[in-house]
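The next block is work.pdb, given as PDB, C-alpha atoms, pLDDT in the B column.
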```pdb
ATOM      1  CA  MET W   1       9.409 -27.511  11.615  1.00 47.00           C
ATOM      2  CA  MET W   2      12.555 -28.017  13.677  1.00 50.00           C
ATOM      3  CA  LEU W   3      15.967 -26.991  12.411  1.00 52.00           C
ATOM      4  CA  SER W   4      18.922 -29.274  12.742  1.00 52.00           C
ATOM      5  CA  PRO W   5      21.998 -27.786  14.429  1.00 52.00           C
ATOM      6  CA  GLU W   6      23.647 -27.381  10.999  1.00 56.00           C
ATOM      7  CA  GLN W   7      20.724 -25.354   9.549  1.00 51.00           C
ATOM      8  CA  THR W   8      20.056 -21.695  10.062  1.00 50.00           C
ATOM      9  CA  ASP W   9      16.867 -19.769   9.520  1.00 50.00           C
ATOM     10  CA  SER W  10      18.285 -18.299   6.311  1.00 48.00           C
ATOM     11  CA  ASP W  11      18.560 -21.831   4.826  1.00 49.00           C
ATOM     12  CA  GLN W  12      14.785 -22.146   4.780  1.00 48.00           C
ATOM     13  CA  PRO W  13      12.888 -20.757   1.749  1.00 48.00           C
ATOM     14  CA  TRP W  14       9.951 -19.308   3.661  1.00 48.00           C
ATOM     15  CA  SER W  15       6.855 -18.077   1.931  1.00 49.00           C
ATOM     16  CA  GLN W  16       3.552 -16.610   3.112  1.00 48.00           C
ATOM     17  CA  SER W  17       1.760 -19.950   2.688  1.00 53.00           C
ATOM     18  CA  ASP W  18       4.460 -21.743   4.724  1.00 57.00           C
ATOM     19  CA  ALA W  19       4.014 -19.260   7.553  1.00 54.00           C
ATOM     20  CA  GLU W  20       0.225 -19.636   7.458  1.00 58.00           C
ATOM     21  CA  THR W  21       0.499 -23.435   7.427  1.00 57.00           C
ATOM     22  CA  MET W  22       2.880 -23.314  10.377  1.00 53.00           C
ATOM     23  CA  LEU W  23       0.563 -20.935  12.246  1.00 52.00           C
ATOM     24  CA  ASN W  24      -2.397 -23.250  11.662  1.00 57.00           C
ATOM     25  CA  ASP W  25      -0.358 -26.253  12.879  1.00 55.00           C
ATOM     26  CA  ILE W  26       0.558 -24.322  16.032  1.00 52.00           C
ATOM     27  CA  LYS W  27      -3.082 -23.368  16.635  1.00 52.00           C
ATOM     28  CA  VAL W  28      -4.263 -26.981  16.351  1.00 49.00           C
ATOM     29  CA  GLY W  29      -1.455 -28.274  18.560  1.00 50.00           C
ATOM     30  CA  CYS W  30      -1.935 -25.720  21.346  1.00 49.00           C
ATOM     31  CA  ILE W  31      -5.633 -26.198  22.075  1.00 47.00           C
ATOM     32  CA  THR W  32      -6.138 -28.033  25.323  1.00 48.00           C
ATOM     33  CA  ASP W  33      -9.205 -29.263  27.132  1.00 48.00           C
ATOM     34  CA  GLU W  34      -7.475 -29.516  30.486  1.00 50.00           C
ATOM     35  CA  PRO W  35      -8.497 -26.953  33.090  1.00 50.00           C
ATOM     36  CA  MET W  36      -5.899 -24.384  34.036  1.00 51.00           C
ATOM     37  CA  GLU W  37      -4.630 -24.278  37.601  1.00 52.00           C
ATOM     38  CA  GLY W  38      -7.156 -22.673  39.908  1.00 51.00           C
ATOM     39  CA  GLU W  39      -9.854 -22.602  37.240  1.00 50.00           C
ATOM     40  CA  GLY W  40     -12.574 -25.035  36.329  1.00 52.00           C
ATOM     41  CA  LYS W  41     -12.897 -23.684  32.793  1.00 51.00           C
ATOM     42  CA  THR W  42     -11.081 -24.906  29.730  1.00 50.00           C
ATOM     43  CA  LYS W  43      -8.582 -22.511  28.223  1.00 51.00           C
ATOM     44  CA  SER W  44      -7.063 -22.346  24.773  1.00 51.00           C
ATOM     45  CA  LEU W  45      -3.401 -21.474  24.520  1.00 55.00           C
ATOM     46  CA  ALA W  46      -3.680 -20.818  20.773  1.00 54.00           C
ATOM     47  CA  PRO W  47      -3.742 -17.233  19.593  1.00 59.00           C
ATOM     48  CA  GLN W  48      -7.071 -15.986  18.357  1.00 71.00           C
ATOM     49  CA  ALA W  49      -7.758 -16.215  14.642  1.00 85.00           C
ATOM     50  CA  LEU W  50      -6.336 -13.193  12.881  1.00 86.00           C
ATOM     51  CA  SER W  51      -8.821 -10.605  11.753  1.00 91.00           C
ATOM     52  CA  ARG W  52      -8.923  -9.497   8.147  1.00 91.00           C
ATOM     53  CA  GLU W  53      -7.280  -6.209   9.123  1.00 91.00           C
ATOM     54  CA  GLU W  54      -4.465  -7.966  11.004  1.00 91.00           C
ATOM     55  CA  LYS W  55      -3.802 -10.255   8.035  1.00 89.00           C
ATOM     56  CA  ARG W  56      -3.671  -7.184   5.794  1.00 88.00           C
ATOM     57  CA  ARG W  57      -1.221  -5.439   8.138  1.00 89.00           C
ATOM     58  CA  ARG W  58       1.075  -8.458   8.258  1.00 88.00           C
ATOM     59  CA  ARG W  59       1.009  -8.859   4.480  1.00 85.00           C
ATOM     60  CA  ARG W  60       1.810  -5.156   4.017  1.00 87.00           C
ATOM     61  CA  ALA W  61       4.745  -5.432   6.417  1.00 88.00           C
ATOM     62  CA  THR W  62       6.739  -7.689   4.080  1.00 90.00           C
ATOM     63  CA  ALA W  63       9.668  -6.251   2.151  1.00 90.00           C
ATOM     64  CA  LYS W  64       8.342  -7.669  -1.121  1.00 91.00           C
ATOM     65  CA  TYR W  65       4.994  -5.897  -0.661  1.00 91.00           C
ATOM     66  CA  ARG W  66       6.650  -2.595   0.295  1.00 92.00           C
ATOM     67  CA  SER W  67       8.952  -2.753  -2.719  1.00 94.00           C
ATOM     68  CA  ALA W  68       6.054  -3.448  -5.093  1.00 94.00           C
ATOM     69  CA  HIS W  69       4.006  -0.663  -3.504  1.00 94.00           C
ATOM     70  CA  ALA W  70       6.883   1.811  -3.851  1.00 96.00           C
ATOM     71  CA  THR W  71       7.235   0.892  -7.529  1.00 97.00           C
ATOM     72  CA  ARG W  72       3.507   1.368  -8.152  1.00 97.00           C
ATOM     73  CA  GLU W  73       3.621   4.717  -6.351  1.00 97.00           C
ATOM     74  CA  ARG W  74       6.575   5.927  -8.449  1.00 98.00           C
ATOM     75  CA  VAL W  75       4.711   4.996 -11.655  1.00 98.00           C
ATOM     76  CA  ARG W  76       1.564   6.754 -10.411  1.00 98.00           C
ATOM     77  CA  VAL W  77       3.419   9.947  -9.490  1.00 97.00           C
ATOM     78  CA  GLU W  78       5.277   9.955 -12.807  1.00 98.00           C
ATOM     79  CA  ALA W  79       1.992   9.610 -14.727  1.00 98.00           C
ATOM     80  CA  PHE W  80       0.527  12.412 -12.619  1.00 96.00           C
ATOM     81  CA  ASN W  81       3.466  14.698 -13.422  1.00 97.00           C
ATOM     82  CA  VAL W  82       3.267  13.880 -17.150  1.00 97.00           C
ATOM     83  CA  ALA W  83      -0.428  14.810 -17.126  1.00 97.00           C
ATOM     84  CA  PHE W  84       0.380  18.163 -15.475  1.00 96.00           C
ATOM     85  CA  ALA W  85       3.131  18.809 -18.041  1.00 94.00           C
ATOM     86  CA  GLU W  86       0.691  18.124 -20.901  1.00 95.00           C
ATOM     87  CA  LEU W  87      -1.907  20.432 -19.357  1.00 95.00           C
ATOM     88  CA  ARG W  88       0.759  23.092 -18.852  1.00 94.00           C
ATOM     89  CA  LYS W  89       1.615  22.994 -22.582  1.00 92.00           C
ATOM     90  CA  LEU W  90      -2.005  23.845 -23.447  1.00 93.00           C
ATOM     91  CA  LEU W  91      -2.170  26.951 -21.249  1.00 93.00           C
ATOM     92  CA  PRO W  92      -1.054  30.410 -22.384  1.00 91.00           C
ATOM     93  CA  THR W  93       1.395  32.108 -20.004  1.00 87.00           C
ATOM     94  CA  LEU W  94       3.886  34.928 -20.206  1.00 84.00           C
ATOM     95  CA  PRO W  95       6.693  34.036 -20.470  1.00 87.00           C
ATOM     96  CA  PRO W  96       5.780  30.721 -22.204  1.00 81.00           C
ATOM     97  CA  ASP W  97       8.516  28.742 -20.432  1.00 83.00           C
ATOM     98  CA  LYS W  98       7.607  29.973 -16.938  1.00 86.00           C
ATOM     99  CA  LYS W  99       7.669  27.185 -14.347  1.00 90.00           C
ATOM    100  CA  LEU W 100       4.286  26.859 -12.640  1.00 93.00           C
ATOM    101  CA  SER W 101       3.366  24.872  -9.573  1.00 95.00           C
ATOM    102  CA  LYS W 102       0.634  22.252  -9.818  1.00 96.00           C
ATOM    103  CA  ILE W 103      -1.886  24.468  -8.060  1.00 97.00           C
ATOM    104  CA  GLU W 104      -1.018  27.354 -10.378  1.00 95.00           C
ATOM    105  CA  ILE W 105      -1.523  25.086 -13.393  1.00 95.00           C
ATOM    106  CA  LEU W 106      -4.945  24.041 -12.100  1.00 96.00           C
ATOM    107  CA  ARG W 107      -6.033  27.596 -11.324  1.00 96.00           C
ATOM    108  CA  LEU W 108      -4.825  28.831 -14.696  1.00 95.00           C
ATOM    109  CA  ALA W 109      -6.658  25.971 -16.424  1.00 96.00           C
ATOM    110  CA  ILE W 110      -9.899  26.923 -14.641  1.00 97.00           C
ATOM    111  CA  CYS W 111      -9.527  30.555 -15.699  1.00 96.00           C
ATOM    112  CA  TYR W 112      -8.648  29.591 -19.266  1.00 96.00           C
ATOM    113  CA  ILE W 113     -11.660  27.268 -19.570  1.00 96.00           C
ATOM    114  CA  SER W 114     -13.912  30.046 -18.215  1.00 96.00           C
ATOM    115  CA  TYR W 115     -12.434  32.458 -20.763  1.00 96.00           C
ATOM    116  CA  LEU W 116     -13.002  30.002 -23.639  1.00 96.00           C
ATOM    117  CA  ASN W 117     -16.612  29.450 -22.505  1.00 96.00           C
ATOM    118  CA  HIS W 118     -17.127  33.229 -22.464  1.00 96.00           C
ATOM    119  CA  VAL W 119     -15.661  33.549 -25.992  1.00 95.00           C
ATOM    120  CA  LEU W 120     -18.036  30.824 -27.264  1.00 94.00           C
ATOM    121  CA  ASP W 121     -21.062  32.450 -25.647  1.00 92.00           C
ATOM    122  CA  VAL W 122     -20.424  35.862 -27.199  1.00 81.00           C
TER     123      VAL W 122
END
```
Translate this structure into structure tokens?
Amino acid sequence: MMLSPEQTDSDQPWSQSDAETMLNDIKVGCITDEPMEGEGKTKSLAPQALSREEKRRRRRATAKYRSAHATRERVRVEAFNVAFAELRKLLPTLPPDKKLSKIEILRLAICYISYLNHVLDV
């Protein structure tokens, strides 16, 4: 797609499908059967088809994808922290309001579960 002198790139509402369509048009238009200079073989000027991994990398490089990923990560971390806070409330510590790290919470939970198992066995 050619831009007129009055248009800028920002005037175009690009999307992923537009870019893929344009890439496919370029690939079809660049294939040539004419031999290159000094060679008897046919050469293709089109870029090779993108691998699945390359497509994934390009998709992940978009600002929209990064923003959505960051939002999902914030929600995940918040849920993780809420779960630790709930576990912390169930564990006995002295003093009761002592701030524990996540690893301390896990270790204390392991010890407390072992203690409760021992109490049930006796």
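Computed from the coordinates, the atom CA of W:Lys89 to atom CA of W:Ile105 distance equals 9.9 Å.
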* Quick one: everything within 9 Å of W:Leu91, counting only C-alpha atoms, minus sequence neighbours fewer than 6 positions away in the same chain. Send it as an NGL selection string. => :W and (105 or 108-109 or 112)
Using only the atoms of stretch 104-113 of chain W listed in the file, plus 8 Å on each side, state the axis-aligned box centre and edge lengths in Å rounded to one decimal, as AutoDock Vina command-line options.
```
--center_x -6.3 --center_y 27.3 --center_z -15.0 --size_x 26.6 --size_y 22.5 --size_z 25.2
```
* **Length of the atom CA of W:Arg72 to atom CA of W:Glu53 vector [Å]** =>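 Distance between the two atoms: 21.7 Å.
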* Structure fact -> Here atom CA of W:Lys102 and atom CA of W:His69 stand apart by 24.0 Å
* To do: Translate the PyMOL selection byres ((chain W and resi 101) around 12), as applied to the file shown, into an explicit residue set as a PyMOL selection string.
  => chain W and resi 81+84-85+87-88+98-100+102-108
